[in-house]
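Quick look at data.cif (mmCIF, N, CA and C atoms):
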```cif
data_run
loop_
_atom_site.label_atom_id
_atom_site.label_comp_id
_atom_site.auth_asym_id
_atom_site.auth_seq_id
_atom_site.Cartn_x
_atom_site.Cartn_y
_atom_site.Cartn_z
N MET M 85 -207.57 21.17 29.01
CA MET M 85 -207.63 19.78 29.44
C MET M 85 -206.27 19.15 29.19
N ALA M 86 -205.76 18.45 30.17
CA ALA M 86 -204.46 17.80 30.07
C ALA M 86 -204.53 16.59 29.15
N LYS M 87 -203.43 16.34 28.50
CA LYS M 87 -203.35 15.19 27.59
C LYS M 87 -203.36 13.90 28.41
N ARG M 88 -204.17 12.96 28.00
CA ARG M 88 -204.28 11.67 28.70
C ARG M 88 -203.12 10.77 28.28
N VAL M 89 -202.39 10.27 29.24
CA VAL M 89 -201.26 9.39 28.96
C VAL M 89 -201.78 7.96 28.85
N SER M 90 -201.31 7.23 27.85
CA SER M 90 -201.79 5.87 27.65
C SER M 90 -201.11 4.91 28.63
N VAL M 91 -201.69 3.74 28.73
CA VAL M 91 -201.18 2.71 29.62
C VAL M 91 -199.94 2.07 29.00
N ASP M 92 -198.96 1.80 29.82
CA ASP M 92 -197.77 1.10 29.35
C ASP M 92 -198.14 -0.37 29.16
N ARG M 93 -198.28 -0.77 27.92
CA ARG M 93 -198.76 -2.12 27.61
C ARG M 93 -197.79 -3.21 28.06
N TRP M 94 -196.50 -2.96 27.93
CA TRP M 94 -195.51 -3.96 28.37
C TRP M 94 -195.60 -4.18 29.87
N LEU M 95 -195.67 -3.11 30.62
CA LEU M 95 -195.75 -3.24 32.08
C LEU M 95 -197.04 -3.95 32.49
N PHE M 96 -198.14 -3.59 31.85
CA PHE M 96 -199.41 -4.23 32.15
C PHE M 96 -199.38 -5.72 31.80
N THR M 97 -198.80 -6.06 30.65
CA THR M 97 -198.71 -7.46 30.23
C THR M 97 -197.83 -8.27 31.17
N VAL M 98 -196.69 -7.72 31.56
CA VAL M 98 -195.80 -8.42 32.48
C VAL M 98 -196.48 -8.61 33.84
N THR M 99 -197.21 -7.60 34.30
CA THR M 99 -197.93 -7.72 35.58
C THR M 99 -198.98 -8.82 35.51
N MET M 100 -199.75 -8.84 34.44
CA MET M 100 -200.76 -9.90 34.28
C MET M 100 -200.11 -11.28 34.21
N LEU M 101 -199.00 -11.37 33.49
CA LEU M 101 -198.29 -12.64 33.39
C LEU M 101 -197.79 -13.11 34.75
N LEU M 102 -197.23 -12.20 35.55
CA LEU M 102 -196.74 -12.57 36.88
C LEU M 102 -197.88 -12.99 37.81
N VAL M 103 -199.01 -12.31 37.72
CA VAL M 103 -200.17 -12.71 38.54
C VAL M 103 -200.64 -14.10 38.14
N PHE M 104 -200.73 -14.35 36.86
CA PHE M 104 -201.15 -15.67 36.38
C PHE M 104 -200.17 -16.75 36.80
N LEU M 105 -198.87 -16.50 36.63
CA LEU M 105 -197.87 -17.48 37.04
C LEU M 105 -197.90 -17.72 38.55
N GLY M 106 -198.15 -16.67 39.31
CA GLY M 106 -198.28 -16.83 40.76
C GLY M 106 -199.45 -17.72 41.13
N LEU M 107 -200.57 -17.56 40.43
CA LEU M 107 -201.72 -18.42 40.69
C LEU M 107 -201.43 -19.87 40.32
N VAL M 108 -200.73 -20.07 39.23
CA VAL M 108 -200.36 -21.44 38.83
C VAL M 108 -199.43 -22.05 39.89
N MET M 109 -198.49 -21.27 40.38
CA MET M 109 -197.55 -21.78 41.40
C MET M 109 -198.28 -22.11 42.70
N VAL M 110 -199.22 -21.27 43.10
CA VAL M 110 -199.99 -21.56 44.32
C VAL M 110 -200.76 -22.86 44.15
N PHE M 111 -201.38 -23.04 43.00
CA PHE M 111 -202.15 -24.26 42.79
C PHE M 111 -201.26 -25.49 42.76
N SER M 112 -200.12 -25.40 42.06
CA SER M 112 -199.26 -26.58 41.96
C SER M 112 -198.61 -26.92 43.30
N ALA M 113 -198.39 -25.92 44.13
CA ALA M 113 -197.74 -26.17 45.41
C ALA M 113 -198.72 -26.61 46.50
N SER M 114 -200.00 -26.32 46.33
CA SER M 114 -200.92 -26.57 47.44
C SER M 114 -202.10 -27.48 47.11
N ALA M 115 -202.17 -28.00 45.92
CA ALA M 115 -203.34 -28.80 45.53
C ALA M 115 -203.49 -30.06 46.38
N VAL M 116 -202.39 -30.76 46.61
CA VAL M 116 -202.46 -32.01 47.37
C VAL M 116 -202.85 -31.73 48.82
N MET M 117 -202.21 -30.73 49.43
CA MET M 117 -202.52 -30.40 50.82
C MET M 117 -203.96 -29.89 50.96
N ALA M 118 -204.42 -29.12 50.01
CA ALA M 118 -205.79 -28.61 50.06
C ALA M 118 -206.80 -29.74 49.94
N ARG M 119 -206.50 -30.73 49.10
CA ARG M 119 -207.42 -31.87 48.97
C ARG M 119 -207.47 -32.66 50.28
N GLU M 120 -206.32 -32.83 50.93
CA GLU M 120 -206.30 -33.59 52.19
C GLU M 120 -207.03 -32.84 53.30
N ARG M 121 -206.82 -31.55 53.40
CA ARG M 121 -207.40 -30.78 54.50
C ARG M 121 -208.84 -30.37 54.26
N PHE M 122 -209.16 -29.94 53.03
CA PHE M 122 -210.46 -29.34 52.78
C PHE M 122 -211.33 -30.13 51.81
N GLY M 123 -210.78 -31.19 51.20
CA GLY M 123 -211.56 -32.00 50.28
C GLY M 123 -211.60 -31.47 48.85
N SER M 124 -211.02 -30.32 48.61
CA SER M 124 -211.00 -29.75 47.27
C SER M 124 -209.60 -29.22 46.97
N PRO M 125 -209.04 -29.56 45.83
CA PRO M 125 -207.70 -29.06 45.52
C PRO M 125 -207.67 -27.56 45.22
N TYR M 126 -208.84 -26.94 45.09
CA TYR M 126 -208.91 -25.53 44.73
C TYR M 126 -209.10 -24.60 45.93
N ALA M 127 -209.00 -25.09 47.15
CA ALA M 127 -209.27 -24.27 48.33
C ALA M 127 -208.31 -23.08 48.43
N PHE M 128 -207.02 -23.32 48.33
CA PHE M 128 -206.05 -22.24 48.43
C PHE M 128 -206.06 -21.38 47.17
N LEU M 129 -206.29 -22.00 46.03
CA LEU M 129 -206.33 -21.25 44.78
C LEU M 129 -207.48 -20.25 44.78
N SER M 130 -208.63 -20.64 45.30
CA SER M 130 -209.77 -19.73 45.30
C SER M 130 -209.51 -18.51 46.18
N LYS M 131 -208.88 -18.72 47.35
CA LYS M 131 -208.53 -17.58 48.19
C LYS M 131 -207.54 -16.65 47.48
N GLN M 132 -206.53 -17.25 46.86
CA GLN M 132 -205.52 -16.46 46.17
C GLN M 132 -206.14 -15.74 44.96
N LEU M 133 -207.07 -16.38 44.30
CA LEU M 133 -207.73 -15.77 43.15
C LEU M 133 -208.56 -14.56 43.56
N ILE M 134 -209.23 -14.66 44.69
CA ILE M 134 -210.01 -13.53 45.19
C ILE M 134 -209.10 -12.33 45.45
N TRP M 135 -207.96 -12.56 46.10
CA TRP M 135 -207.02 -11.46 46.38
C TRP M 135 -206.37 -10.95 45.10
N ALA M 136 -206.12 -11.82 44.13
CA ALA M 136 -205.55 -11.38 42.86
C ALA M 136 -206.54 -10.47 42.13
N VAL M 137 -207.80 -10.83 42.12
CA VAL M 137 -208.81 -10.00 41.46
C VAL M 137 -208.95 -8.66 42.19
N ALA M 138 -208.94 -8.69 43.53
CA ALA M 138 -209.01 -7.44 44.30
C ALA M 138 -207.81 -6.54 43.98
N GLY M 139 -206.63 -7.14 43.87
CA GLY M 139 -205.44 -6.37 43.54
C GLY M 139 -205.50 -5.80 42.13
N LEU M 140 -206.04 -6.58 41.20
CA LEU M 140 -206.17 -6.09 39.82
C LEU M 140 -207.19 -4.96 39.72
N VAL M 141 -208.27 -5.06 40.49
CA VAL M 141 -209.26 -3.97 40.52
C VAL M 141 -208.61 -2.71 41.09
N ALA M 142 -207.84 -2.87 42.17
CA ALA M 142 -207.14 -1.71 42.76
C ALA M 142 -206.15 -1.13 41.76
N MET M 143 -205.49 -1.98 40.98
CA MET M 143 -204.53 -1.50 39.99
C MET M 143 -205.24 -0.70 38.90
N VAL M 144 -206.39 -1.19 38.42
CA VAL M 144 -207.12 -0.49 37.37
C VAL M 144 -207.63 0.85 37.89
N VAL M 145 -208.14 0.88 39.13
CA VAL M 145 -208.60 2.14 39.72
C VAL M 145 -207.44 3.12 39.84
N THR M 146 -206.30 2.64 40.28
CA THR M 146 -205.13 3.49 40.42
C THR M 146 -204.64 3.98 39.06
N MET M 147 -204.73 3.14 38.05
CA MET M 147 -204.32 3.55 36.70
C MET M 147 -205.22 4.66 36.17
N ARG M 148 -206.47 4.69 36.57
CA ARG M 148 -207.40 5.70 36.09
C ARG M 148 -207.21 7.06 36.77
N LEU M 149 -206.57 7.08 37.93
CA LEU M 149 -206.36 8.34 38.64
C LEU M 149 -205.25 9.15 37.97
N ASP M 150 -205.40 10.45 38.04
CA ASP M 150 -204.37 11.34 37.51
C ASP M 150 -203.20 11.35 38.48
N TYR M 151 -202.01 11.03 37.99
CA TYR M 151 -200.85 10.93 38.86
C TYR M 151 -200.47 12.26 39.49
N ARG M 152 -200.91 13.38 38.93
CA ARG M 152 -200.58 14.69 39.51
C ARG M 152 -201.30 14.92 40.84
N ARG M 153 -202.34 14.13 41.10
CA ARG M 153 -203.03 14.25 42.39
C ARG M 153 -202.17 13.74 43.54
N TYR M 154 -201.17 12.91 43.21
CA TYR M 154 -200.29 12.37 44.24
C TYR M 154 -199.33 13.41 44.78
N LYS M 155 -199.28 14.59 44.18
CA LYS M 155 -198.39 15.65 44.66
C LYS M 155 -198.85 16.24 45.99
N HIS M 156 -200.13 16.12 46.28
CA HIS M 156 -200.67 16.70 47.50
C HIS M 156 -200.28 15.86 48.71
N PRO M 157 -199.56 16.45 49.66
CA PRO M 157 -199.09 15.67 50.82
C PRO M 157 -200.22 15.07 51.64
N ALA M 158 -201.35 15.72 51.71
CA ALA M 158 -202.46 15.19 52.51
C ALA M 158 -202.92 13.84 51.98
N LEU M 159 -203.01 13.72 50.68
CA LEU M 159 -203.43 12.45 50.08
C LEU M 159 -202.39 11.36 50.30
N VAL M 160 -201.13 11.69 50.08
CA VAL M 160 -200.05 10.72 50.24
C VAL M 160 -199.96 10.23 51.68
N PHE M 161 -199.97 11.17 52.64
CA PHE M 161 -199.84 10.76 54.04
C PHE M 161 -201.09 10.05 54.55
N SER M 162 -202.26 10.39 54.00
CA SER M 162 -203.47 9.66 54.38
C SER M 162 -203.41 8.21 53.91
N LEU M 163 -202.96 8.01 52.68
CA LEU M 163 -202.83 6.64 52.16
C LEU M 163 -201.75 5.86 52.92
N MET M 164 -200.65 6.53 53.25
CA MET M 164 -199.60 5.85 54.03
C MET M 164 -200.11 5.48 55.42
N GLY M 165 -200.87 6.36 56.05
CA GLY M 165 -201.43 6.07 57.37
C GLY M 165 -202.42 4.93 57.33
N LEU M 166 -203.27 4.90 56.31
CA LEU M 166 -204.24 3.82 56.17
C LEU M 166 -203.55 2.49 55.94
N THR M 167 -202.54 2.50 55.10
CA THR M 167 -201.78 1.28 54.84
C THR M 167 -201.09 0.78 56.09
N THR M 168 -200.48 1.68 56.84
CA THR M 168 -199.81 1.32 58.09
C THR M 168 -200.81 0.75 59.09
N LEU M 169 -201.97 1.37 59.20
CA LEU M 169 -203.01 0.89 60.11
C LEU M 169 -203.46 -0.52 59.74
N LEU M 170 -203.66 -0.78 58.45
CA LEU M 170 -204.07 -2.11 58.02
C LEU M 170 -202.98 -3.15 58.28
N LEU M 171 -201.73 -2.78 58.05
CA LEU M 171 -200.63 -3.71 58.30
C LEU M 171 -200.49 -4.03 59.78
N ILE M 172 -200.58 -3.02 60.62
CA ILE M 172 -200.43 -3.24 62.06
C ILE M 172 -201.58 -4.09 62.60
N SER M 173 -202.80 -3.83 62.14
CA SER M 173 -203.92 -4.64 62.63
C SER M 173 -203.80 -6.08 62.15
N SER M 174 -203.30 -6.28 60.95
CA SER M 174 -203.09 -7.62 60.43
C SER M 174 -202.01 -8.36 61.23
N ILE M 175 -200.92 -7.68 61.53
CA ILE M 175 -199.85 -8.29 62.32
C ILE M 175 -200.33 -8.59 63.73
N ALA M 176 -201.09 -7.68 64.33
CA ALA M 176 -201.60 -7.92 65.68
C ALA M 176 -202.53 -9.13 65.71
N ARG M 177 -203.36 -9.26 64.69
CA ARG M 177 -204.27 -10.41 64.62
C ARG M 177 -203.48 -11.71 64.47
N THR M 178 -202.41 -11.69 63.67
CA THR M 178 -201.59 -12.88 63.48
C THR M 178 -200.91 -13.28 64.78
N ILE M 179 -200.39 -12.31 65.51
CA ILE M 179 -199.73 -12.61 66.78
C ILE M 179 -200.75 -13.12 67.80
N ARG M 180 -201.93 -12.49 67.83
CA ARG M 180 -202.97 -12.87 68.80
C ARG M 180 -203.47 -14.29 68.57
N THR M 181 -203.54 -14.70 67.31
CA THR M 181 -204.03 -16.05 67.02
C THR M 181 -202.91 -17.08 67.02
N GLY M 182 -201.69 -16.66 67.26
CA GLY M 182 -200.58 -17.60 67.29
C GLY M 182 -200.20 -18.09 65.91
N GLY M 183 -200.30 -17.21 64.92
CA GLY M 183 -200.04 -17.60 63.55
C GLY M 183 -198.59 -17.81 63.20
N PHE M 184 -197.68 -17.35 64.05
CA PHE M 184 -196.26 -17.50 63.75
C PHE M 184 -195.75 -18.85 64.24
N THR M 185 -194.88 -19.44 63.48
CA THR M 185 -194.17 -20.64 63.90
C THR M 185 -192.69 -20.35 63.86
N PRO M 186 -191.86 -21.14 64.52
CA PRO M 186 -190.43 -20.86 64.49
C PRO M 186 -189.84 -20.85 63.07
N GLY M 187 -190.45 -21.55 62.14
CA GLY M 187 -189.94 -21.58 60.78
C GLY M 187 -190.22 -20.30 59.99
N ASP M 188 -191.01 -19.37 60.56
CA ASP M 188 -191.35 -18.14 59.86
C ASP M 188 -190.27 -17.08 59.95
N PHE M 189 -189.32 -17.26 60.85
CA PHE M 189 -188.35 -16.21 61.10
C PHE M 189 -187.06 -16.47 60.34
N PRO M 190 -186.40 -15.40 59.87
CA PRO M 190 -185.16 -15.56 59.08
C PRO M 190 -184.04 -16.27 59.84
N SER M 191 -184.03 -16.20 61.16
CA SER M 191 -182.96 -16.84 61.91
C SER M 191 -183.02 -18.37 61.80
N SER M 192 -184.17 -18.89 61.40
CA SER M 192 -184.31 -20.34 61.26
C SER M 192 -184.01 -20.83 59.85
N LEU M 193 -183.67 -19.92 58.93
CA LEU M 193 -183.38 -20.32 57.56
C LEU M 193 -182.18 -21.26 57.46
N PRO M 194 -181.08 -21.07 58.21
CA PRO M 194 -179.98 -22.03 58.10
C PRO M 194 -180.38 -23.44 58.53
N ASN M 195 -181.41 -23.57 59.34
CA ASN M 195 -181.86 -24.88 59.81
C ASN M 195 -182.79 -25.56 58.82
N SER M 196 -183.25 -24.84 57.80
CA SER M 196 -184.24 -25.39 56.88
C SER M 196 -183.78 -26.63 56.14
N PRO M 197 -182.56 -26.67 55.58
CA PRO M 197 -182.15 -27.89 54.87
C PRO M 197 -182.07 -29.10 55.78
N SER M 198 -181.77 -28.90 57.04
CA SER M 198 -181.64 -30.05 57.94
C SER M 198 -182.99 -30.67 58.26
N ARG M 199 -184.09 -29.92 58.06
CA ARG M 199 -185.42 -30.46 58.34
C ARG M 199 -185.97 -31.29 57.19
N CYS M 200 -185.37 -31.20 56.03
CA CYS M 200 -185.89 -31.92 54.86
C CYS M 200 -185.73 -33.40 54.96
#
```
Spit out the file's structure as structure tokens when you get a sec.
Amino acid sequence: MAKRVSVDRWLFTVTMLLVFLGLVMVFSASAVMARERFGSPYAFLSKQLIWAVAGLVAMVVTMRLDYRRYKHPALVFSLMGLTTLLLISSIARTIRTGGFTPGDFPSSLPNSPSRC
């Protein structure tokens, strides 16, 4: 039986801290707009919290897997293909619904200060 490697506590702590700070930043940046649009200042925070929990669950599951299983090309390429498929379908849905605005593109960044 292979020796079980322990979790890097510093990396785990920093990751948790960054997730928490990200949630605080989302709430502080969107509370007023969420109250005006949806009647609750927690509308955007709740969505972000759901995705943060899903990401943390995925992280814990990935931490439990033996890293030597990643040596098999079939597993690596299957995960890469699935990720690519999800990204492409997400981008296609965004384009189809007209989710992009001119401010989303890097070429409009020099114009950003003039809009303030």
Enter the distance from atom N of Leu129 in chain M to atom C of Val110 in chain M, in Å, rounded to one decimal.
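Computed distance, atom N of Leu129 in chain M to atom C of Val110 in chain M, equals 5.9 Å.
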Interatomic distance between CA of Gly139 in chain M and CA of Phe96 in chain M?
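About the pair CA of Gly139 in chain M and CA of Phe96 in chain M: they are 13.1 Å apart.
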Report, in Å with one decimal, the straight-line distance from CA of Val108 in chain M to atom N of Leu133 in chain M.
10.0 Å
Once the PyMOL selection byres (((chain M and resi 130 and name CA) around 12) and name CA) has been applied to the shown file, what residues remain in the selection, as a ChimeraX atom specification?
/M:107-108,110-111,114-115,118,124-129,131-137
